[in-house]
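Worksheet for the structure shown next.
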Amino acid sequence: MNSLWGQPLPQSFYEKDTEDLAYALLGVVLAHQTPEGLTAGRIVEVEMYRGSLDRAAHSYSGVATKRTRVMFGPPGHAYVYFIYGMHYCLNVVSAPEGKGEAILVRALEPLVGLDIMARRRNMALFNPSFSKDSQRLTNGPAKLAQALGINSRQYGWPLFESPLSLHQIEDPVSKTKIARGPRINVSYAKEAADFDWRFWIRDNPFVSRG
DNA sequence: TGATCGATGCTCT
DNA sequence: GAGCATCGATCAA
């Protein structure tokens, strides 16, 4: 737990419809306390995945497997998966329990521990005063996982009581400042490929694709 | 600035 | 055995 922002958001925060939670997550701080130090960033882009409604979701079959087990569990837990042989991605499990719905965190605006993030990302020449470099730290789901030190060890962690936590440090982002559109790299998912289930803070330079 | 493509290994069929 | 909720290097313009 870290003392910078006090208590993390309680489990009740996650007990809402998945689309409402996707909106609510924008502007929230994701923090990870490790022996290396604290790294944290503001969520600026997410995608939602909706179980058996959604051909693109890992939980589409409706059957919990070893990989997807936490997606079907109670909300507020971390669903971390391994992809393309080398990358990890972080999802926030949402309600209702049993549906297999979750929200992929696609981009952060880095706030704390940028030096640690740069080291983990092998950006040796990182210069915090050069904004183009700081944008490259966390503007993609696998990038932010690497920058925050997230991998299979964090699978299933409760985000309301673990070293990986979410914090509300500002008023919720107004819907008028939020853009939405189709998700990235799900063209195989037939009708679900066209769903506007990606949400991002409009004009924010840290999103993966504006 | 944008398109293309290889790396790399787990998951599910 | 095929495919993948990605990234970064490379090449063309």
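Chain labels follow the order of the structure tokens: the first chain is A, the next B, and so on; residue numbering restarts at 1 in every chain, and ligands are counted from 1 in their shown order.
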Chain A contacts on chain C, only C-alpha atoms (C1' of nucleotides), 8 Å, as a VMD selection string: chain C and resid 4 to 7
Could you take the residues named above and write them with N, CA, C and O atoms (P, O5', C5', C4', C3', O3' and C1' of nucleotides), as a PDB file, in the first residue's frame?
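Listing of out-v3.pdb after writing:
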ATOM      1  P    DC C   4      -6.308 -14.490 -34.713  1.00  0.00           P
ATOM      2  O5'  DC C   4      -5.793 -13.825 -33.354  1.00  0.00           O
ATOM      3  C5'  DC C   4      -6.245 -14.354 -32.123  1.00  0.00           C
ATOM      4  C4'  DC C   4      -5.223 -14.032 -31.038  1.00  0.00           C
ATOM      5  C3'  DC C   4      -4.805 -12.554 -31.029  1.00  0.00           C
ATOM      6  O3'  DC C   4      -4.995 -12.016 -29.739  1.00  0.00           O
ATOM      7  C1'  DC C   4      -2.923 -13.968 -30.893  1.00  0.00           C
ATOM      8  P    DA C   5      -6.304 -11.637 -29.018  1.00  0.00           P
ATOM      9  O5'  DA C   5      -5.994 -10.126 -28.657  1.00  0.00           O
ATOM     10  C5'  DA C   5      -6.040  -9.111 -29.636  1.00  0.00           C
ATOM     11  C4'  DA C   5      -5.947  -7.769 -28.941  1.00  0.00           C
ATOM     12  C3'  DA C   5      -4.705  -7.610 -28.059  1.00  0.00           C
ATOM     13  O3'  DA C   5      -4.390  -6.227 -27.930  1.00  0.00           O
ATOM     14  C1'  DA C   5      -6.603  -7.596 -26.699  1.00  0.00           C
ATOM     15  P    DT C   6      -3.242  -5.598 -28.940  1.00  0.00           P
ATOM     16  O5'  DT C   6      -1.899  -6.331 -28.561  1.00  0.00           O
ATOM     17  C5'  DT C   6      -1.313  -6.160 -27.265  1.00  0.00           C
ATOM     18  C4'  DT C   6       0.160  -5.820 -27.407  1.00  0.00           C
ATOM     19  C3'  DT C   6       0.448  -4.413 -27.924  1.00  0.00           C
ATOM     20  O3'  DT C   6       1.239  -3.733 -26.957  1.00  0.00           O
ATOM     21  C1'  DT C   6       1.732  -6.042 -29.102  1.00  0.00           C
ATOM     22  P    DC C   7       1.726  -2.219 -27.193  1.00  0.00           P
ATOM     23  O5'  DC C   7       3.222  -2.407 -27.686  1.00  0.00           O
ATOM     24  C5'  DC C   7       4.073  -3.232 -26.914  1.00  0.00           C
ATOM     25  C4'  DC C   7       5.406  -3.426 -27.600  1.00  0.00           C
ATOM     26  C3'  DC C   7       6.060  -2.127 -28.053  1.00  0.00           C
ATOM     27  O3'  DC C   7       7.355  -2.062 -27.502  1.00  0.00           O
ATOM     28  C1'  DC C   7       5.998  -3.724 -29.825  1.00  0.00           C
TER      29       DC C   7
END
Using only C-alpha atoms (C1' of nucleotides) and a cut-off of 12 Å, which residues of chain B sit close to chain A? Please list them as a ChimeraX atom specification. /B:6-12
Restricted to N, CA, C and O atoms (P, O5', C5', C4', C3', O3' and C1' of nucleotides), what would the selected residues look like written as a tab-separated table (two decimals), in the first residue's frame?
chain	number	residue	atom	x	y	z
B	6	DG	P	8.56	-11.44	-41.92
B	6	DG	O5'	9.71	-11.75	-40.87
B	6	DG	C5'	10.76	-10.81	-40.66
B	6	DG	C4'	11.15	-10.77	-39.20
B	6	DG	C3'	11.06	-12.11	-38.47
B	6	DG	O3'	12.17	-12.23	-37.60
B	6	DG	C1'	9.67	-10.53	-37.39
B	7	DA	P	12.49	-13.58	-36.85
B	7	DA	O5'	12.20	-13.18	-35.34
B	7	DA	C5'	12.86	-12.05	-34.80
B	7	DA	C4'	12.36	-11.81	-33.39
B	7	DA	C3'	12.24	-13.08	-32.55
B	7	DA	O3'	12.75	-12.81	-31.26
B	7	DA	C1'	10.16	-11.93	-32.58
B	8	DT	P	13.39	-13.96	-30.41
B	8	DT	O5'	12.12	-14.54	-29.65
B	8	DT	C5'	11.48	-13.75	-28.69
B	8	DT	C4'	10.18	-14.41	-28.27
B	8	DT	C3'	10.31	-15.92	-28.09
B	8	DT	O3'	9.93	-16.26	-26.77
B	8	DT	C1'	8.41	-15.38	-29.38
B	9	DG	P	10.45	-17.71	-26.22
B	9	DG	O5'	9.10	-18.28	-25.60
B	9	DG	C5'	8.39	-17.54	-24.63
B	9	DG	C4'	6.94	-17.98	-24.63
B	9	DG	C3'	6.76	-19.50	-24.59
B	9	DG	O3'	5.55	-19.77	-23.89
B	9	DG	C1'	5.63	-18.67	-26.40
B	10	DC	P	5.62	-20.51	-22.48
B	10	DC	O5'	4.17	-20.23	-21.91
B	10	DC	C5'	3.73	-18.89	-21.75
B	10	DC	C4'	2.33	-18.72	-22.29
B	10	DC	C3'	1.36	-19.83	-21.87
B	10	DC	O3'	0.20	-19.20	-21.34
B	10	DC	C1'	1.26	-19.50	-24.22
B	11	DT	P	-0.85	-20.11	-20.51
B	11	DT	O5'	-2.09	-20.22	-21.49
B	11	DT	C5'	-2.56	-19.06	-22.14
B	11	DT	C4'	-3.61	-19.43	-23.17
B	11	DT	C3'	-4.52	-20.58	-22.77
B	11	DT	O3'	-5.86	-20.16	-22.95
B	11	DT	C1'	-3.59	-20.99	-24.91
B	12	DC	P	-7.06	-21.06	-22.36
B	12	DC	O5'	-7.68	-21.68	-23.69
B	12	DC	C5'	-7.99	-20.81	-24.77
B	12	DC	C4'	-8.14	-21.61	-26.05
B	12	DC	C3'	-9.07	-22.82	-25.91
B	12	DC	O3'	-9.99	-22.81	-26.99
B	12	DC	C1'	-7.01	-23.45	-26.88
Range 37-118 of chain A: which residues are alpha helix (DSSP H) by DSSP, as a PyMOL selection string? chain A and resi 114-118
Gap from CA of Asp20 in chain A to CA of Val173 in chain A - Å, one decimal: 12.1 Å
Report the residues of chain A whose backbone DSSP state falls under strand (DSSP E or B), written as a CSV table (one decimal) with N, CA, C and O atoms, in the first residue's frame.
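And here's states.csv as it stands now:
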chain,number,residue,atom,x,y,z
A,29,VAL,N,-5.9,6.9,-10.9
A,29,VAL,CA,-4.5,6.5,-10.8
A,29,VAL,C,-4.3,5.0,-10.5
A,29,VAL,O,-4.9,4.5,-9.6
A,30,LEU,N,-3.4,4.4,-11.4
A,30,LEU,CA,-3.0,3.0,-11.2
A,30,LEU,C,-1.6,3.1,-10.5
A,30,LEU,O,-0.7,3.7,-11.1
A,31,ALA,N,-1.4,2.4,-9.4
A,31,ALA,CA,-0.2,2.5,-8.7
A,31,ALA,C,0.3,1.1,-8.4
A,31,ALA,O,-0.5,0.2,-8.1
A,32,HIS,N,1.6,0.9,-8.4
A,32,HIS,CA,2.2,-0.4,-8.1
A,32,HIS,C,3.4,-0.1,-7.2
A,32,HIS,O,4.4,0.5,-7.6
A,33,GLN,N,3.3,-0.6,-5.9
A,33,GLN,CA,4.4,-0.5,-4.9
A,33,GLN,C,5.3,-1.7,-5.0
A,33,GLN,O,4.7,-2.8,-4.8
A,34,THR,N,6.5,-1.6,-5.3
A,34,THR,CA,7.4,-2.7,-5.3
A,34,THR,C,8.7,-2.4,-4.6
A,34,THR,O,8.9,-1.2,-4.2
A,37,GLY,N,10.5,0.5,-5.8
A,37,GLY,CA,9.9,1.8,-5.5
A,37,GLY,C,8.5,1.9,-6.1
A,37,GLY,O,8.0,0.9,-6.6
A,38,LEU,N,7.9,3.1,-6.0
A,38,LEU,CA,6.5,3.3,-6.4
A,38,LEU,C,6.5,3.8,-7.9
A,38,LEU,O,7.2,4.7,-8.2
A,39,THR,N,5.7,3.1,-8.7
A,39,THR,CA,5.4,3.6,-10.0
A,39,THR,C,3.9,3.8,-10.2
A,39,THR,O,3.1,3.0,-9.7
A,40,ALA,N,3.5,4.9,-10.8
A,40,ALA,CA,2.0,5.2,-10.9
A,40,ALA,C,1.8,6.0,-12.1
A,40,ALA,O,2.6,6.8,-12.6
A,41,GLY,N,0.5,5.9,-12.6
A,41,GLY,CA,0.1,6.7,-13.8
A,41,GLY,C,-1.4,6.8,-13.8
A,41,GLY,O,-2.1,6.1,-13.2
A,42,ARG,N,-1.8,7.9,-14.5
A,42,ARG,CA,-3.3,8.2,-14.6
A,42,ARG,C,-3.8,7.4,-15.9
A,42,ARG,O,-3.2,7.6,-17.0
A,43,ILE,N,-4.9,6.7,-15.7
A,43,ILE,CA,-5.5,5.9,-16.8
A,43,ILE,C,-6.1,6.9,-17.8
A,43,ILE,O,-7.0,7.7,-17.4
A,44,VAL,N,-5.7,6.8,-19.0
A,44,VAL,CA,-6.2,7.7,-20.1
A,44,VAL,C,-6.9,6.9,-21.2
A,44,VAL,O,-7.5,7.6,-22.1
A,45,GLU,N,-6.8,5.6,-21.2
A,45,GLU,CA,-7.4,4.8,-22.3
A,45,GLU,C,-7.7,3.4,-21.9
A,45,GLU,O,-6.9,2.8,-21.2
A,46,VAL,N,-8.9,2.9,-22.2
A,46,VAL,CA,-9.3,1.6,-21.8
A,46,VAL,C,-10.2,0.9,-22.9
A,46,VAL,O,-10.7,1.6,-23.8
A,47,GLU,N,-10.3,-0.4,-22.8
A,47,GLU,CA,-11.2,-1.1,-23.7
A,47,GLU,C,-12.0,-2.1,-22.8
A,47,GLU,O,-11.5,-2.7,-21.9
A,48,MET,N,-13.3,-2.3,-23.1
A,48,MET,CA,-14.1,-3.2,-22.3
A,48,MET,C,-14.3,-4.5,-23.2
A,48,MET,O,-14.5,-4.5,-24.4
A,49,TYR,N,-14.3,-5.6,-22.4
A,49,TYR,CA,-14.6,-7.0,-23.0
A,49,TYR,C,-15.7,-7.6,-22.2
A,49,TYR,O,-15.6,-7.7,-21.0
A,50,ARG,N,-16.7,-8.1,-23.0
A,50,ARG,CA,-18.0,-8.4,-22.3
A,50,ARG,C,-18.4,-9.8,-22.5
A,50,ARG,O,-19.5,-10.2,-22.9
A,77,HIS,N,-10.5,-7.3,-9.3
A,77,HIS,CA,-9.3,-8.1,-9.3
A,77,HIS,C,-8.5,-7.9,-10.6
A,77,HIS,O,-9.1,-7.4,-11.6
A,78,ALA,N,-7.2,-8.2,-10.6
A,78,ALA,CA,-6.4,-8.0,-11.8
A,78,ALA,C,-6.4,-9.2,-12.7
A,78,ALA,O,-6.1,-10.3,-12.2
A,79,TYR,N,-6.8,-9.1,-13.9
A,79,TYR,CA,-6.7,-10.2,-14.9
A,79,TYR,C,-5.5,-9.8,-15.8
A,79,TYR,O,-5.5,-8.9,-16.6
A,80,VAL,N,-4.4,-10.6,-15.6
A,80,VAL,CA,-3.1,-10.3,-16.4
A,80,VAL,C,-3.0,-11.5,-17.3
A,80,VAL,O,-3.1,-12.7,-16.9
A,81,TYR,N,-2.8,-11.2,-18.6
A,81,TYR,CA,-2.5,-12.3,-19.6
A,81,TYR,C,-1.3,-12.0,-20.4
A,81,TYR,O,-0.8,-10.9,-20.5
A,82,PHE,N,-0.7,-13.1,-20.9
A,82,PHE,CA,0.5,-13.1,-21.7
A,82,PHE,C,0.2,-13.2,-23.1
A,82,PHE,O,-0.7,-14.0,-23.5
A,83,ILE,N,0.8,-12.4,-24.0
A,83,ILE,CA,0.4,-12.3,-25.4
A,83,ILE,C,1.6,-12.2,-26.3
A,83,ILE,O,2.6,-11.6,-25.9
A,87,HIS,N,4.7,-10.3,-24.2
A,87,HIS,CA,4.0,-9.2,-23.6
A,87,HIS,C,3.0,-9.6,-22.5
A,87,HIS,O,2.3,-10.6,-22.7
A,88,TYR,N,2.8,-8.7,-21.5
A,88,TYR,CA,1.7,-8.9,-20.6
A,88,TYR,C,0.8,-7.7,-20.7
A,88,TYR,O,1.2,-6.6,-21.0
A,89,CYS,N,-0.5,-8.0,-20.4
A,89,CYS,CA,-1.5,-6.9,-20.4
A,89,CYS,C,-2.4,-7.0,-19.2
A,89,CYS,O,-2.6,-8.1,-18.7
A,90,LEU,N,-2.8,-5.8,-18.7
A,90,LEU,CA,-3.5,-5.8,-17.4
A,90,LEU,C,-5.0,-5.4,-17.7
A,90,LEU,O,-5.3,-4.4,-18.4
A,91,ASN,N,-5.9,-6.2,-17.1
A,91,ASN,CA,-7.3,-5.9,-17.1
A,91,ASN,C,-7.8,-5.8,-15.7
A,91,ASN,O,-7.3,-6.4,-14.8
A,92,VAL,N,-8.9,-4.9,-15.6
A,92,VAL,CA,-9.6,-4.8,-14.3
A,92,VAL,C,-10.9,-5.6,-14.5
A,92,VAL,O,-11.8,-5.3,-15.3
A,93,VAL,N,-11.1,-6.6,-13.6
A,93,VAL,CA,-12.3,-7.4,-13.7
A,93,VAL,C,-13.5,-6.6,-13.2
A,93,VAL,O,-13.4,-5.9,-12.2
A,101,GLU,N,-16.6,-10.4,-17.6
A,101,GLU,CA,-16.4,-9.1,-18.2
A,101,GLU,C,-15.2,-8.4,-17.5
A,101,GLU,O,-14.9,-8.6,-16.3
A,102,ALA,N,-14.4,-7.7,-18.3
A,102,ALA,CA,-13.2,-7.0,-17.8
A,102,ALA,C,-12.9,-5.8,-18.7
A,102,ALA,O,-13.4,-5.7,-19.8
A,103,ILE,N,-12.0,-5.0,-18.2
A,103,ILE,CA,-11.6,-3.8,-18.9
A,103,ILE,C,-10.1,-3.7,-19.0
A,103,ILE,O,-9.4,-3.8,-18.0
A,104,LEU,N,-9.6,-3.7,-20.2
A,104,LEU,CA,-8.2,-3.6,-20.5
A,104,LEU,C,-7.7,-2.2,-20.4
A,104,LEU,O,-8.3,-1.3,-20.9
A,105,VAL,N,-6.6,-2.0,-19.6
A,105,VAL,CA,-6.0,-0.7,-19.4
A,105,VAL,C,-5.0,-0.6,-20.6
A,105,VAL,O,-4.0,-1.3,-20.7
A,106,ARG,N,-5.3,0.4,-21.5
A,106,ARG,CA,-4.4,0.5,-22.7
A,106,ARG,C,-3.4,1.6,-22.6
A,106,ARG,O,-2.4,1.5,-23.4
A,107,ALA,N,-3.6,2.6,-21.8
A,107,ALA,CA,-2.6,3.7,-21.7
A,107,ALA,C,-2.7,4.5,-20.4
A,107,ALA,O,-3.7,4.6,-19.9
A,108,LEU,N,-1.5,4.9,-20.0
A,108,LEU,CA,-1.4,5.7,-18.8
A,108,LEU,C,-0.7,7.0,-19.1
A,108,LEU,O,0.2,7.1,-20.0
A,109,GLU,N,-0.9,8.0,-18.3
A,109,GLU,CA,-0.1,9.2,-18.2
A,109,GLU,C,0.8,9.1,-17.0
A,109,GLU,O,0.4,9.1,-15.9
A,110,PRO,N,2.1,8.8,-17.2
A,110,PRO,CA,3.0,8.5,-16.1
A,110,PRO,C,3.1,9.7,-15.1
A,110,PRO,O,3.2,10.8,-15.5
A,111,LEU,N,3.0,9.3,-13.8
A,111,LEU,CA,3.0,10.4,-12.8
A,111,LEU,C,4.2,10.2,-11.8
A,111,LEU,O,4.8,11.2,-11.5
A,112,VAL,N,4.4,9.0,-11.4
A,112,VAL,CA,5.4,8.8,-10.3
A,112,VAL,C,6.4,7.6,-10.7
A,112,VAL,O,5.9,6.6,-11.2
A,158,PRO,N,-6.2,-8.5,-5.7
A,158,PRO,CA,-7.3,-7.5,-5.5
A,158,PRO,C,-6.8,-6.1,-5.5
A,158,PRO,O,-5.9,-5.7,-4.8
A,164,LEU,N,-0.8,-3.5,-5.8
A,164,LEU,CA,-1.3,-2.9,-7.1
A,164,LEU,C,-2.7,-2.4,-6.8
A,164,LEU,O,-3.6,-3.1,-6.4
A,165,SER,N,-2.8,-1.1,-7.0
A,165,SER,CA,-4.0,-0.4,-6.5
A,165,SER,C,-4.5,0.7,-7.3
A,165,SER,O,-3.7,1.3,-8.1
A,166,LEU,N,-5.8,1.1,-7.2
A,166,LEU,CA,-6.3,2.2,-7.9
A,166,LEU,C,-6.8,3.3,-6.9
A,166,LEU,O,-7.3,3.0,-5.9
A,167,HIS,N,-6.5,4.5,-7.4
A,167,HIS,CA,-6.8,5.7,-6.5
A,167,HIS,C,-7.5,6.8,-7.2
A,167,HIS,O,-7.1,7.1,-8.3
A,178,ILE,N,-14.6,12.6,-23.1
A,178,ILE,CA,-14.2,11.2,-23.4
A,178,ILE,C,-14.7,10.9,-24.8
A,178,ILE,O,-15.8,11.1,-25.2
A,179,ALA,N,-13.7,10.3,-25.6
A,179,ALA,CA,-14.0,9.8,-26.9
A,179,ALA,C,-14.2,8.3,-26.9
A,179,ALA,O,-13.6,7.7,-26.0
A,180,ARG,N,-15.0,7.8,-27.9
A,180,ARG,CA,-15.1,6.3,-27.9
A,180,ARG,C,-15.0,5.9,-29.4
A,180,ARG,O,-15.4,6.6,-30.3
A,181,GLY,N,-14.6,4.6,-29.6
A,181,GLY,CA,-14.5,4.1,-30.9
A,181,GLY,C,-14.2,2.6,-30.9
A,181,GLY,O,-14.2,2.0,-29.8
A,198,ARG,N,-13.9,1.0,-27.0
A,198,ARG,CA,-12.7,1.6,-26.6
A,198,ARG,C,-13.0,3.1,-26.2
A,198,ARG,O,-13.7,3.8,-26.9
A,199,PHE,N,-12.4,3.5,-25.0
A,199,PHE,CA,-12.7,4.8,-24.5
A,199,PHE,C,-11.4,5.5,-24.2
A,199,PHE,O,-10.5,4.9,-23.6
A,200,TRP,N,-11.3,6.8,-24.5
A,200,TRP,CA,-10.1,7.5,-24.1
A,200,TRP,C,-10.4,8.9,-23.8
A,200,TRP,O,-11.4,9.4,-24.3
A,201,ILE,N,-9.4,9.6,-23.1
A,201,ILE,CA,-9.6,11.0,-22.8
A,201,ILE,C,-9.2,11.8,-24.1
A,201,ILE,O,-8.1,11.7,-24.5
Could you check how far CA of Arg209 in chain A sits from CA of Gln135 in chain A, in Å to one decimal? 11.7 Å
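One finds CA of Asp196 in chain A at 17.5 Å from CA of Tyr60 in chain A.
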Just the residues within 12 Å of DC5 in chain B, please, counting only C-alpha atoms (C1' of nucleotides), with nothing from its chain fewer than 5 positions along; format it as a PyMOL selection string. chain C and resi 7-11
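Excluding DA13 in chain C and any residue on its chain fewer than 5 positions from it, the residues at most 12 Å away by only C-alpha atoms (C1' of nucleotides) are B:DT1, B:DG2, B:DA3.
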Those same residues, written as a PDB file, in the first residue's frame with N, CA and C atoms (P, O5', C5', C4', C3', O3' and C1' of nucleotides)?
ATOM      1  P    DT B   1       5.811  13.466 -38.548  1.00  0.00           P
ATOM      2  O5'  DT B   1       5.617  12.689 -39.959  1.00  0.00           O
ATOM      3  C5'  DT B   1       4.589  13.055 -40.871  1.00  0.00           C
ATOM      4  C4'  DT B   1       3.823  11.805 -41.287  1.00  0.00           C
ATOM      5  C3'  DT B   1       3.075  11.079 -40.166  1.00  0.00           C
ATOM      6  O3'  DT B   1       1.809  10.689 -40.677  1.00  0.00           O
ATOM      7  C1'  DT B   1       4.692   9.610 -41.116  1.00  0.00           C
ATOM      8  P    DG B   2       0.910   9.563 -40.034  1.00  0.00           P
ATOM      9  O5'  DG B   2       1.263   8.290 -40.936  1.00  0.00           O
ATOM     10  C5'  DG B   2       1.215   8.399 -42.355  1.00  0.00           C
ATOM     11  C4'  DG B   2       1.532   7.054 -42.960  1.00  0.00           C
ATOM     12  C3'  DG B   2       0.790   5.876 -42.326  1.00  0.00           C
ATOM     13  O3'  DG B   2       0.330   5.020 -43.355  1.00  0.00           O
ATOM     14  C1'  DG B   2       3.102   5.465 -42.272  1.00  0.00           C
ATOM     15  P    DA B   3      -0.617   3.789 -43.070  1.00  0.00           P
ATOM     16  O5'  DA B   3       0.226   2.576 -43.682  1.00  0.00           O
ATOM     17  C5'  DA B   3       0.765   2.696 -44.988  1.00  0.00           C
ATOM     18  C4'  DA B   3       1.702   1.534 -45.254  1.00  0.00           C
ATOM     19  C3'  DA B   3       1.140   0.170 -44.843  1.00  0.00           C
ATOM     20  O3'  DA B   3       1.420  -0.757 -45.880  1.00  0.00           O
ATOM     21  C1'  DA B   3       3.213   0.581 -43.730  1.00  0.00           C
TER      22       DA B   3
END
